[in-house]
>>> print(open('run03.cif').read())   # mmCIF, C-alpha atoms and all ligand atoms
data_work
loop_
_atom_site.group_PDB
_atom_site.id
_atom_site.type_symbol
_atom_site.label_atom_id
_atom_site.label_comp_id
_atom_site.auth_asym_id
_atom_site.auth_seq_id
_atom_site.Cartn_x
_atom_site.Cartn_y
_atom_site.Cartn_z
ATOM 1 C CA MET W 7 19.960 12.021 7.543
ATOM 2 C CA SER W 8 18.272 8.885 8.840
ATOM 3 C CA LYS W 9 19.213 5.448 7.539
ATOM 4 C CA LEU W 10 17.295 4.134 4.573
ATOM 5 C CA ALA W 11 15.609 0.731 4.599
ATOM 6 C CA ILE W 12 14.812 1.071 0.912
ATOM 7 C CA ASP W 13 16.773 3.167 -1.567
ATOM 8 C CA VAL W 14 15.765 3.083 -5.222
ATOM 9 C CA LYS W 15 17.351 5.283 -7.881
ATOM 10 C CA GLY W 16 16.555 5.380 -11.586
ATOM 11 C CA LEU W 17 14.784 2.015 -11.603
ATOM 12 C CA ARG W 18 13.584 0.831 -14.991
ATOM 13 C CA LYS W 19 11.771 -2.381 -15.867
ATOM 14 C CA LYS W 20 10.075 -3.538 -19.022
ATOM 15 C CA PHE W 21 8.411 -6.767 -20.037
ATOM 16 C CA GLY W 22 9.049 -7.240 -23.761
ATOM 17 C CA SER W 23 8.417 -3.807 -25.237
ATOM 18 C CA HIS W 24 6.056 -2.799 -22.414
ATOM 19 C CA VAL W 25 7.833 -0.302 -20.144
ATOM 20 C CA VAL W 26 6.296 -0.748 -16.683
ATOM 21 C CA LEU W 27 8.707 1.271 -14.497
ATOM 22 C CA ASN W 28 10.364 4.142 -16.308
ATOM 23 C CA GLY W 29 12.793 5.772 -13.888
ATOM 24 C CA ILE W 30 11.583 5.356 -10.304
ATOM 25 C CA ASP W 31 13.271 6.986 -7.271
ATOM 26 C CA ILE W 32 12.036 6.008 -3.810
ATOM 27 C CA SER W 33 13.624 6.252 -0.382
ATOM 28 C CA VAL W 34 12.142 4.823 2.800
ATOM 29 C CA PRO W 35 13.686 5.638 6.208
ATOM 30 C CA VAL W 36 14.145 2.753 8.668
ATOM 31 C CA GLY W 37 11.152 2.162 10.956
ATOM 32 C CA THR W 38 8.559 3.953 8.825
ATOM 33 C CA VAL W 39 5.494 2.869 6.853
ATOM 34 C CA TYR W 40 5.556 3.685 3.133
ATOM 35 C CA ALA W 41 2.483 3.309 0.942
ATOM 36 C CA LEU W 42 2.612 2.896 -2.811
ATOM 37 C CA LEU W 43 -0.568 3.918 -4.574
ATOM 38 C CA GLY W 44 -1.459 3.539 -8.207
ATOM 39 C CA PRO W 45 -4.202 2.297 -10.500
ATOM 40 C CA ASN W 46 -4.381 -1.342 -11.594
ATOM 41 C CA GLY W 47 -1.471 -2.238 -13.849
ATOM 42 C CA ALA W 48 0.659 0.709 -12.677
ATOM 43 C CA GLY W 49 3.500 -1.622 -11.659
ATOM 44 C CA LYS W 50 3.030 -1.868 -7.884
ATOM 45 C CA THR W 51 3.454 -5.646 -7.738
ATOM 46 C CA THR W 52 6.379 -5.458 -10.164
ATOM 47 C CA LEU W 53 8.118 -2.973 -7.867
ATOM 48 C CA ILE W 54 7.495 -5.182 -4.800
ATOM 49 C CA HIS W 55 8.861 -8.165 -6.743
ATOM 50 C CA ILE W 56 12.015 -6.229 -7.646
ATOM 51 C CA LEU W 57 12.488 -5.045 -4.042
ATOM 52 C CA SER W 58 12.077 -8.604 -2.781
ATOM 53 C CA THR W 59 14.513 -10.060 -5.391
ATOM 54 C CA LEU W 60 11.854 -12.101 -7.235
ATOM 55 C CA VAL W 61 12.256 -10.046 -10.432
ATOM 56 C CA ALA W 62 15.497 -8.438 -11.639
ATOM 57 C CA PRO W 63 15.588 -4.727 -12.491
ATOM 58 C CA ASP W 64 16.687 -3.699 -16.014
ATOM 59 C CA GLU W 65 18.387 -0.477 -14.907
ATOM 60 C CA GLY W 66 18.991 1.568 -11.789
ATOM 61 C CA SER W 67 20.205 1.008 -8.263
ATOM 62 C CA VAL W 68 17.918 -0.844 -5.834
ATOM 63 C CA LYS W 69 18.995 -1.309 -2.218
ATOM 64 C CA VAL W 70 17.023 -2.957 0.573
ATOM 65 C CA ALA W 71 18.319 -2.982 4.165
ATOM 66 C CA GLY W 72 21.547 -1.569 2.754
ATOM 67 C CA TYR W 73 22.081 -4.436 0.292
ATOM 68 C CA ASP W 74 21.895 -4.449 -3.495
ATOM 69 C CA VAL W 75 19.018 -6.598 -4.795
ATOM 70 C CA VAL W 76 21.160 -7.931 -7.658
ATOM 71 C CA SER W 77 24.696 -8.346 -6.307
ATOM 72 C CA GLU W 78 23.663 -9.102 -2.687
ATOM 73 C CA LYS W 79 20.452 -10.985 -3.334
ATOM 74 C CA ASN W 80 20.843 -13.447 -0.452
ATOM 75 C CA LYS W 81 21.528 -10.708 2.094
ATOM 76 C CA VAL W 82 18.366 -8.952 0.928
ATOM 77 C CA LYS W 83 16.350 -12.187 1.218
ATOM 78 C CA GLN W 84 17.570 -12.618 4.805
ATOM 79 C CA SER W 85 16.407 -9.096 5.666
ATOM 80 C CA ILE W 86 12.840 -9.199 4.355
ATOM 81 C CA SER W 87 9.417 -10.762 4.744
ATOM 82 C CA LEU W 88 6.839 -10.693 1.965
ATOM 83 C CA THR W 89 3.092 -11.147 1.958
ATOM 84 C CA GLY W 90 2.120 -11.370 -1.688
ATOM 85 C CA GLN W 91 -1.011 -10.132 -3.393
ATOM 86 C CA PHE W 92 -2.383 -13.659 -3.641
ATOM 87 C CA ALA W 93 -2.444 -16.045 -0.690
ATOM 88 C CA ALA W 94 0.080 -18.852 -0.500
ATOM 89 C CA VAL W 95 -1.386 -21.025 2.248
ATOM 90 C CA ASP W 96 -2.402 -24.661 2.006
ATOM 91 C CA GLU W 97 -6.195 -24.683 2.141
ATOM 92 C CA MET W 98 -6.387 -28.355 3.121
ATOM 93 C CA LEU W 99 -4.389 -27.764 6.305
ATOM 94 C CA THR W 100 -5.388 -25.930 9.481
ATOM 95 C CA SER W 101 -3.750 -22.601 10.330
ATOM 96 C CA GLU W 102 -1.825 -24.356 13.094
ATOM 97 C CA GLU W 103 -0.469 -26.922 10.617
ATOM 98 C CA ASN W 104 0.404 -24.228 8.053
ATOM 99 C CA LEU W 105 2.321 -22.236 10.648
ATOM 100 C CA GLN W 106 4.127 -25.257 12.092
ATOM 101 C CA MET W 107 5.199 -26.321 8.613
ATOM 102 C CA ILE W 108 6.685 -22.894 7.837
ATOM 103 C CA CYS W 109 8.374 -22.777 11.265
ATOM 104 C CA ARG W 110 10.019 -26.151 10.607
ATOM 105 C CA LEU W 111 11.043 -25.068 7.072
ATOM 106 C CA SER W 112 12.594 -21.940 8.596
ATOM 107 C CA GLY W 113 14.835 -24.134 10.765
ATOM 108 C CA LEU W 114 13.050 -24.004 14.130
ATOM 109 C CA THR W 115 12.978 -27.177 16.260
ATOM 110 C CA ILE W 116 9.655 -28.954 16.900
ATOM 111 C CA ALA W 117 9.386 -27.383 20.363
ATOM 112 C CA GLU W 118 10.297 -23.897 19.060
ATOM 113 C CA SER W 119 7.807 -24.333 16.212
ATOM 114 C CA ARG W 120 4.982 -25.101 18.679
ATOM 115 C CA THR W 121 5.792 -22.057 20.802
ATOM 116 C CA ARG W 122 6.114 -19.696 17.819
ATOM 117 C CA THR W 123 2.924 -21.058 16.228
ATOM 118 C CA ASP W 124 0.964 -20.493 19.445
ATOM 119 C CA GLU W 125 2.335 -16.957 19.761
ATOM 120 C CA LEU W 126 1.415 -16.073 16.194
ATOM 121 C CA LEU W 127 -2.066 -17.657 16.392
ATOM 122 C CA LYS W 128 -2.730 -15.610 19.508
ATOM 123 C CA HIS W 129 -1.299 -12.391 18.080
ATOM 124 C CA PHE W 130 -3.378 -12.684 14.909
ATOM 125 C CA ASP W 131 -6.549 -13.699 16.736
ATOM 126 C CA LEU W 132 -6.645 -17.163 15.157
ATOM 127 C CA THR W 133 -6.384 -19.353 18.273
ATOM 128 C CA ALA W 134 -10.074 -20.284 18.242
ATOM 129 C CA ALA W 135 -9.831 -21.322 14.575
ATOM 130 C CA ALA W 136 -6.396 -22.960 14.875
ATOM 131 C CA LYS W 137 -7.679 -26.487 14.267
ATOM 132 C CA LYS W 138 -10.094 -25.639 11.441
ATOM 133 C CA LEU W 139 -9.179 -26.123 7.779
ATOM 134 C CA VAL W 140 -8.121 -22.882 6.093
ATOM 135 C CA LYS W 141 -10.646 -23.470 3.297
ATOM 136 C CA THR W 142 -13.400 -22.660 5.814
ATOM 137 C CA TYR W 143 -11.856 -19.268 6.739
ATOM 138 C CA SER W 144 -13.183 -15.800 5.871
ATOM 139 C CA GLY W 145 -11.084 -13.423 3.760
ATOM 140 C CA GLY W 146 -9.954 -11.513 6.846
ATOM 141 C CA MET W 147 -8.832 -14.698 8.630
ATOM 142 C CA ARG W 148 -6.851 -15.831 5.572
ATOM 143 C CA ARG W 149 -5.165 -12.457 5.307
ATOM 144 C CA ARG W 150 -4.205 -12.599 8.989
ATOM 145 C CA LEU W 151 -2.815 -16.094 8.488
ATOM 146 C CA ASP W 152 -0.826 -14.926 5.420
ATOM 147 C CA LEU W 153 0.695 -12.180 7.494
ATOM 148 C CA ALA W 154 1.399 -14.539 10.417
ATOM 149 C CA ILE W 155 3.174 -16.921 8.036
ATOM 150 C CA SER W 156 5.370 -14.183 6.631
ATOM 151 C CA LEU W 157 6.302 -13.169 10.200
ATOM 152 C CA VAL W 158 7.416 -16.611 11.413
ATOM 153 C CA VAL W 159 10.937 -15.237 11.433
ATOM 154 C CA SER W 160 11.175 -11.559 12.374
ATOM 155 C CA ARG W 161 12.893 -9.479 9.693
ATOM 156 C CA PRO W 162 13.631 -5.745 9.555
ATOM 157 C CA VAL W 163 11.741 -5.001 6.312
ATOM 158 C CA LEU W 164 8.211 -6.189 5.530
ATOM 159 C CA PHE W 165 6.536 -6.001 2.106
ATOM 160 C CA LEU W 166 2.757 -6.187 1.900
ATOM 161 C CA ASP W 167 1.141 -6.270 -1.536
ATOM 162 C CA GLU W 168 -2.449 -5.025 -1.216
ATOM 163 C CA PRO W 169 -2.846 -6.479 2.296
ATOM 164 C CA THR W 170 -6.469 -5.454 2.717
ATOM 165 C CA THR W 171 -7.940 -5.620 -0.792
ATOM 166 C CA GLY W 172 -11.380 -7.198 -0.656
ATOM 167 C CA LEU W 173 -11.626 -7.193 3.143
ATOM 168 C CA ASP W 174 -14.541 -5.739 5.077
ATOM 169 C CA THR W 175 -14.017 -2.640 7.223
ATOM 170 C CA ILE W 176 -13.604 -4.532 10.508
ATOM 171 C CA SER W 177 -10.977 -6.945 9.139
ATOM 172 C CA ARG W 178 -9.213 -4.043 7.453
ATOM 173 C CA ARG W 179 -8.996 -2.106 10.708
ATOM 174 C CA ALA W 180 -7.744 -5.201 12.543
ATOM 175 C CA LEU W 181 -4.926 -5.493 9.994
ATOM 176 C CA TRP W 182 -4.102 -1.793 10.315
ATOM 177 C CA GLU W 183 -3.693 -2.327 14.067
ATOM 178 C CA ILE W 184 -1.287 -5.204 13.438
ATOM 179 C CA ILE W 185 0.697 -3.175 10.893
ATOM 180 C CA LEU W 186 1.050 -0.298 13.364
ATOM 181 C CA GLN W 187 2.199 -2.732 16.085
ATOM 182 C CA LEU W 188 4.880 -4.043 13.724
ATOM 183 C CA LYS W 189 5.981 -0.484 13.036
ATOM 184 C CA ALA W 190 6.175 0.130 16.795
ATOM 185 C CA GLN W 191 8.617 -2.814 16.958
ATOM 186 C CA GLY W 192 10.886 -0.915 14.549
ATOM 187 C CA ILE W 193 10.009 -2.873 11.394
ATOM 188 C CA THR W 194 9.982 -0.912 8.130
ATOM 189 C CA ILE W 195 6.809 -1.585 6.170
ATOM 190 C CA PHE W 196 6.370 -1.046 2.441
ATOM 191 C CA LEU W 197 2.815 -1.661 1.291
ATOM 192 C CA THR W 198 0.787 -1.210 -1.847
ATOM 193 C CA THR W 199 -2.848 -0.286 -1.691
ATOM 194 C CA GLN W 200 -5.791 0.829 -3.755
ATOM 195 C CA TYR W 201 -7.349 2.489 -0.720
ATOM 196 C CA LEU W 202 -6.469 6.101 -0.137
ATOM 197 C CA GLU W 203 -7.832 5.951 3.383
ATOM 198 C CA GLU W 204 -5.387 3.143 4.137
ATOM 199 C CA ALA W 205 -2.430 5.220 2.975
ATOM 200 C CA ASP W 206 -3.773 8.218 4.868
ATOM 201 C CA GLN W 207 -4.177 6.238 8.123
ATOM 202 C CA LEU W 208 -1.011 4.145 8.054
ATOM 203 C CA ALA W 209 1.719 5.694 6.003
ATOM 204 C CA ASP W 210 4.402 8.147 7.052
ATOM 205 C CA ARG W 211 5.044 8.748 3.376
ATOM 206 C CA ILE W 212 3.127 7.976 0.203
ATOM 207 C CA ALA W 213 4.122 7.669 -3.460
ATOM 208 C CA VAL W 214 1.659 7.605 -6.323
ATOM 209 C CA ILE W 215 2.876 5.805 -9.444
ATOM 210 C CA ASN W 216 1.293 6.089 -12.850
ATOM 211 C CA GLY W 217 2.586 5.718 -16.393
ATOM 212 C CA GLY W 218 5.889 4.293 -15.112
ATOM 213 C CA HIS W 219 6.728 7.337 -12.985
ATOM 214 C CA VAL W 220 6.296 8.543 -9.421
ATOM 215 C CA VAL W 221 3.783 11.314 -10.097
ATOM 216 C CA ALA W 222 3.661 12.533 -6.493
ATOM 217 C CA SER W 223 5.270 11.702 -3.178
ATOM 218 C CA GLY W 224 5.327 13.005 0.353
ATOM 219 C CA THR W 225 3.182 12.844 3.458
ATOM 220 C CA ALA W 226 -0.599 12.634 3.083
ATOM 221 C CA ASN W 227 -0.724 16.333 3.991
ATOM 222 C CA ASP W 228 1.956 17.227 1.416
ATOM 223 C CA LEU W 229 -0.137 15.545 -1.258
ATOM 224 C CA LYS W 230 -3.335 17.201 -0.136
ATOM 225 C CA SER W 231 -1.705 20.610 -0.102
ATOM 226 C CA LYS W 232 -0.586 20.089 -3.721
ATOM 227 C CA LEU W 233 -4.176 20.776 -4.626
ATOM 228 C CA GLY W 234 -3.732 24.148 -2.982
ATOM 229 C CA GLY W 235 -6.911 25.611 -1.663
ATOM 230 C CA GLU W 236 -10.234 24.477 -0.348
ATOM 231 C CA VAL W 237 -12.943 22.430 -1.980
ATOM 232 C CA ILE W 238 -16.517 23.737 -2.014
ATOM 233 C CA GLU W 239 -19.129 21.001 -1.752
ATOM 234 C CA LEU W 240 -22.783 21.423 -2.600
ATOM 235 C CA HIS W 241 -25.515 19.219 -1.175
ATOM 236 C CA ASN W 242 -29.257 19.221 -1.903
ATOM 237 C CA SER W 243 -31.902 19.171 0.813
ATOM 238 C CA ASN W 244 -31.627 15.352 0.951
ATOM 239 C CA GLU W 245 -27.931 15.691 1.867
ATOM 240 C CA GLU W 246 -26.909 14.259 -1.519
ATOM 241 C CA LEU W 247 -23.697 15.628 -3.021
ATOM 242 C CA ILE W 248 -24.591 17.536 -6.191
ATOM 243 C CA GLY W 249 -21.327 19.300 -6.978
ATOM 244 C CA THR W 250 -17.749 20.042 -5.969
ATOM 245 C CA VAL W 251 -15.561 22.970 -6.967
ATOM 246 C CA SER W 252 -11.831 23.345 -6.292
ATOM 247 C CA THR W 253 -10.720 26.820 -5.274
ATOM 248 C CA THR W 254 -7.369 28.459 -4.612
ATOM 249 C CA GLY W 255 -8.528 29.000 -1.044
ATOM 250 C CA THR W 256 -8.398 32.793 -1.078
ATOM 251 C CA ILE W 257 -11.490 34.657 0.082
ATOM 252 C CA HIS W 258 -11.590 36.372 -3.314
ATOM 253 C CA ASP W 259 -11.705 33.094 -5.234
ATOM 254 C CA ILE W 260 -14.203 31.499 -2.855
ATOM 255 C CA ARG W 261 -16.521 34.542 -3.150
ATOM 256 C CA LEU W 262 -16.333 34.464 -6.965
ATOM 257 C CA SER W 263 -17.051 30.744 -6.975
ATOM 258 C CA LEU W 264 -19.974 31.129 -4.616
ATOM 259 C CA ASN W 265 -21.439 33.982 -6.697
ATOM 260 C CA GLU W 266 -21.311 31.778 -9.770
ATOM 261 C CA LEU W 267 -22.764 28.777 -7.938
ATOM 262 C CA ALA W 268 -25.584 30.879 -6.492
ATOM 263 C CA LEU W 269 -26.778 31.554 -10.059
ATOM 264 C CA LYS W 270 -26.691 27.865 -11.028
ATOM 265 C CA TYR W 271 -28.086 26.042 -7.982
ATOM 266 C CA PRO W 272 -31.418 26.371 -6.126
ATOM 267 C CA GLN W 273 -31.590 28.606 -3.056
ATOM 268 C CA GLU W 274 -31.920 25.716 -0.590
ATOM 269 C CA THR W 275 -28.566 24.216 -1.734
ATOM 270 C CA ARG W 276 -26.284 23.659 1.231
ATOM 271 C CA VAL W 277 -22.655 24.719 0.979
ATOM 272 C CA SER W 278 -19.633 23.425 2.871
ATOM 273 C CA ILE W 279 -15.946 24.140 2.478
ATOM 274 C CA ARG W 280 -13.338 21.479 3.207
ATOM 275 C CA LYS W 281 -9.656 20.674 2.706
ATOM 276 C CA PRO W 282 -8.915 18.495 -0.328
ATOM 277 C CA SER W 283 -8.913 14.755 0.407
ATOM 278 C CA LEU W 284 -6.385 12.217 -0.799
ATOM 279 C CA ASP W 285 -9.085 10.996 -3.204
ATOM 280 C CA ASP W 286 -9.173 14.419 -4.878
ATOM 281 C CA VAL W 287 -5.385 14.326 -5.267
ATOM 282 C CA PHE W 288 -5.337 10.765 -6.583
ATOM 283 C CA LEU W 289 -8.071 11.444 -9.136
ATOM 284 C CA LEU W 290 -6.302 14.558 -10.312
ATOM 285 C CA LEU W 291 -2.917 12.860 -10.641
ATOM 286 C CA THR W 292 -4.038 9.676 -12.310
ATOM 287 C CA SER W 293 -6.598 11.232 -14.671
ATOM 288 C CA LYS W 294 -4.194 13.952 -15.831
ATOM 289 C CA LYS W 295 -1.512 11.384 -16.682
ATOM 290 C CA LEU W 296 -4.074 9.284 -18.466
ATOM 291 C CA GLU W 297 -5.101 12.221 -20.644
ATOM 292 C CA GLU W 298 -1.451 12.995 -21.409
ATOM 293 C CA SER W 299 -0.723 9.427 -22.416
ATOM 294 C CA LEU W 300 -3.839 9.306 -24.602
ATOM 295 C CA SER W 301 -3.125 12.586 -26.390
HETATM 296 N N1 LIG W 401 5.954 -11.335 -15.859
HETATM 297 C C1 LIG W 401 5.339 -10.451 -16.623
HETATM 298 N N2 LIG W 401 5.396 -10.520 -17.970
HETATM 299 C C2 LIG W 401 4.793 -9.610 -18.757
HETATM 300 N N3 LIG W 401 4.086 -8.559 -18.303
HETATM 301 C C3 LIG W 401 3.983 -8.417 -16.965
HETATM 302 C C4 LIG W 401 4.587 -9.347 -16.059
HETATM 303 N N4 LIG W 401 4.317 -8.946 -14.788
HETATM 304 C C5 LIG W 401 3.556 -7.832 -14.907
HETATM 305 N N5 LIG W 401 3.362 -7.517 -16.216
HETATM 306 C C6 LIG W 401 2.634 -6.334 -16.713
HETATM 307 O O1 LIG W 401 3.161 -5.190 -16.079
HETATM 308 C C7 LIG W 401 2.148 -4.250 -15.772
HETATM 309 C C8 LIG W 401 2.181 -3.926 -14.287
HETATM 310 O O2 LIG W 401 1.689 -5.040 -13.568
HETATM 311 P P1 LIG W 401 1.656 -5.070 -11.975
HETATM 312 O O3 LIG W 401 3.019 -4.760 -11.478
HETATM 313 O O4 LIG W 401 1.050 -6.364 -11.585
HETATM 314 O O5 LIG W 401 0.684 -3.833 -11.662
HETATM 315 P P2 LIG W 401 -0.167 -3.520 -10.345
HETATM 316 O O6 LIG W 401 0.328 -4.407 -9.248
HETATM 317 O O7 LIG W 401 0.076 -2.050 -10.084
HETATM 318 O O8 LIG W 401 -1.604 -3.759 -10.694
HETATM 319 C C9 LIG W 401 0.852 -4.857 -16.254
HETATM 320 O O9 LIG W 401 0.548 -4.323 -17.517
HETATM 321 C C10 LIG W 401 1.163 -6.338 -16.314
HETATM 322 O O10 LIG W 401 0.377 -6.965 -17.291
HETATM 323 MG MG MG W 402 -0.598 -5.782 -7.980
#
>>> encode(input="run03.cif", output="structure tokens")
Amino acid sequence: MSKLAIDVKGLRKKFGSHVVLNGIDISVPVGTVYALLGPNGAGKTTLIHILSTLVAPDEGSVKVAGYDVVSEKNKVKQSISLTGQFAAVDEMLTSEENLQMICRLSGLTIAESRTRTDELLKHFDLTAAAKKLVKTYSGGMRRRLDLAISLVVSRPVLFLDEPTTGLDTISRRALWEIILQLKAQGITIFLTTQYLEEADQLADRIAVINGGHVVASGTANDLKSKLGGEVIELHNSNEELIGTVSTTGTIHDIRLSLNELALKYPQETRVSIRKPSLDDVFLLLTSKKLEESLS
């Protein structure tokens, strides 16, 4: 068995009477990317805060880089970097000044701070903007600076809370590239996201949390195959999607479905058959739980 960078067993956390995490088990092998998916309020940030020692767990065992987040808090802190959901940069400074300040606070000398700052500015494509105030930056530039700041000192485990929320496609892809480069350096990355495509593209393993529990986990393909068969999609002559039907994937079931659909839809309807997407899985998992908790 490979070594675990993150090992969570039976984690529970409530705020007042509100149970947010109700028995979570997660294990993340060293050097992999793990994506945590879940609707707003599912407890993703709370879990990242517990893993990064900012919030104490109520119950369960939580180990990061082999250390216990409660009894070996300082060892955990020395093993991790965190980029939070909301930016923590000084807007009235330039990116160069922000980075140099964090370098100095992390104990680097003035000369080392200059070298490290230049390296990071270059790596995160911020050299041209290095002397501009952060308040003039785009969302993508700020996110890159956030990440650069959390990587001033290289640590084995990196937490990213919704790293690409609100970014445009180009900035998002640029960040994905950076995340994959960090993985190639052997860093373990634990990220939360609302984007299924992001989990699909980046993560070796995915967990979906909802209602305080991990409702599904595995590779993107594991999750997709949970839905079983194929999905039939129907498009009208303008290529607009007008219906989807899940099938078991057997020829018998697909033929029955198509016979039924042929009675309901006009003759010119176009039919395609595809594998389930992560979106299908996510919708199924989160809507089912919602119904259960409402009933
Ligand atoms: N410090 C806190 N005190 C009370 N409630 C909190 C606190 N932090 C988070 N919560 C609640 O816990 C739930 C999960 O929040 P959060 O972990 O931020 O979810 P997510 O990141 O998945 O959107 C929410 O209902 C939120 O209001
Ligand atoms: Mg959050």
>>> closest_residue(input="run03.cif", among="W:Leu164, W:Lys69, W:Leu43, W:Gly113", to="Val82 of chain W", atoms="only C-alpha atoms")
W:Lys69
>>> axis_aligned_box(input="run03.cif", around="segment 106-123 of chain W", padding_each_side="3 Å", output="JSON")
{"center_x": 8.9, "center_y": -24.3, "center_z": 13.9, "size_x": 17.9, "size_y": 15.3, "size_z": 19.7}
>>> atom_distance(input="run03.cif", atom1="atom CA of Val14 of chain W", atom2="atom CA of Val75 of chain W")
10.2 Å
>>> residues_around(input="run03.cif", residues="segment 183-186 of chain W", least_positions_apart="2", cutoff="9 Å", atoms="all atoms listed in the file", output="PyMOL selection string")
chain W and resi 39+129-130+178-181+188-191+195+208
>>> residues_near_ligand(input="run03.cif", ligand="ligand LIG 401 (chain W)", cutoff="10 Å", atoms="all atoms listed in the file", output="PyMOL selection string")
chain W and resi 19-27+42-56+61+91+167-168+198-200+215-218
>>> residues_around(input="run03.cif", residues="Leu153 of chain W", least_positions_apart="6", cutoff="9 Å", atoms="all atoms listed in the file", output="CSV table (one decimal) with C-alpha atoms, in the coordinates of the input")
chain,number,residue,atom,x,y,z
W,88,LEU,CA,6.8,-10.7,2.0
W,89,THR,CA,3.1,-11.1,2.0
W,130,PHE,CA,-3.4,-12.7,14.9
W,166,LEU,CA,2.8,-6.2,1.9
W,169,PRO,CA,-2.8,-6.5,2.3
>>> decode(input="run03.cif", residues="segment 22-37 of chain W", atoms="N, CA and C atoms", output="PDB file, in the first residue's frame")
ATOM      1  N   GLY W  22     -22.449  24.481  16.754  1.00  0.00           N
ATOM      2  CA  GLY W  22     -23.688  24.522  17.536  1.00  0.00           C
ATOM      3  C   GLY W  22     -24.392  23.197  17.372  1.00  0.00           C
ATOM      4  N   SER W  23     -25.653  23.236  16.928  1.00  0.00           N
ATOM      5  CA  SER W  23     -26.373  21.969  16.737  1.00  0.00           C
ATOM      6  C   SER W  23     -26.321  21.534  15.271  1.00  0.00           C
ATOM      7  N   HIS W  24     -25.655  22.329  14.430  1.00  0.00           N
ATOM      8  CA  HIS W  24     -25.612  22.031  12.999  1.00  0.00           C
ATOM      9  C   HIS W  24     -24.452  21.070  12.672  1.00  0.00           C
ATOM     10  N   VAL W  25     -24.817  19.812  12.385  1.00  0.00           N
ATOM     11  CA  VAL W  25     -23.798  18.814  12.049  1.00  0.00           C
ATOM     12  C   VAL W  25     -23.369  19.032  10.599  1.00  0.00           C
ATOM     13  N   VAL W  26     -22.095  19.398  10.398  1.00  0.00           N
ATOM     14  CA  VAL W  26     -21.619  19.685   9.042  1.00  0.00           C
ATOM     15  C   VAL W  26     -20.933  18.448   8.446  1.00  0.00           C
ATOM     16  N   LEU W  27     -20.068  17.802   9.232  1.00  0.00           N
ATOM     17  CA  LEU W  27     -19.396  16.578   8.770  1.00  0.00           C
ATOM     18  C   LEU W  27     -19.790  15.464   9.727  1.00  0.00           C
ATOM     19  N   ASN W  28     -20.398  14.421   9.171  1.00  0.00           N
ATOM     20  CA  ASN W  28     -21.038  13.415  10.023  1.00  0.00           C
ATOM     21  C   ASN W  28     -20.453  12.027   9.791  1.00  0.00           C
ATOM     22  N   GLY W  29     -19.112  11.922   9.970  1.00  0.00           N
ATOM     23  CA  GLY W  29     -18.483  10.620   9.763  1.00  0.00           C
ATOM     24  C   GLY W  29     -17.849  10.525   8.394  1.00  0.00           C
ATOM     25  N   ILE W  30     -16.726  11.235   8.222  1.00  0.00           N
ATOM     26  CA  ILE W  30     -16.057  11.294   6.909  1.00  0.00           C
ATOM     27  C   ILE W  30     -14.789  10.435   6.951  1.00  0.00           C
ATOM     28  N   ASP W  31     -14.611   9.589   5.936  1.00  0.00           N
ATOM     29  CA  ASP W  31     -13.373   8.813   5.749  1.00  0.00           C
ATOM     30  C   ASP W  31     -12.787   9.204   4.397  1.00  0.00           C
ATOM     31  N   ILE W  32     -11.513   9.631   4.416  1.00  0.00           N
ATOM     32  CA  ILE W  32     -10.862   9.996   3.150  1.00  0.00           C
ATOM     33  C   ILE W  32      -9.401   9.583   3.236  1.00  0.00           C
ATOM     34  N   SER W  33      -8.873   8.957   2.187  1.00  0.00           N
ATOM     35  CA  SER W  33      -7.427   8.737   2.176  1.00  0.00           C
ATOM     36  C   SER W  33      -6.844   9.153   0.827  1.00  0.00           C
ATOM     37  N   VAL W  34      -5.738   9.876   0.918  1.00  0.00           N
ATOM     38  CA  VAL W  34      -5.105  10.455  -0.277  1.00  0.00           C
ATOM     39  C   VAL W  34      -3.650   9.999  -0.348  1.00  0.00           C
ATOM     40  N   PRO W  35      -3.294   9.165  -1.345  1.00  0.00           N
ATOM     41  CA  PRO W  35      -1.906   8.722  -1.475  1.00  0.00           C
ATOM     42  C   PRO W  35      -0.966   9.891  -1.796  1.00  0.00           C
ATOM     43  N   VAL W  36       0.266   9.787  -1.318  1.00  0.00           N
ATOM     44  CA  VAL W  36       1.292  10.807  -1.579  1.00  0.00           C
ATOM     45  C   VAL W  36       1.464  11.014  -3.089  1.00  0.00           C
ATOM     46  N   GLY W  37       1.567  12.289  -3.492  1.00  0.00           N
ATOM     47  CA  GLY W  37       1.871  12.610  -4.890  1.00  0.00           C
ATOM     48  C   GLY W  37       0.685  12.592  -5.830  1.00  0.00           C
TER      49      GLY W  37
END
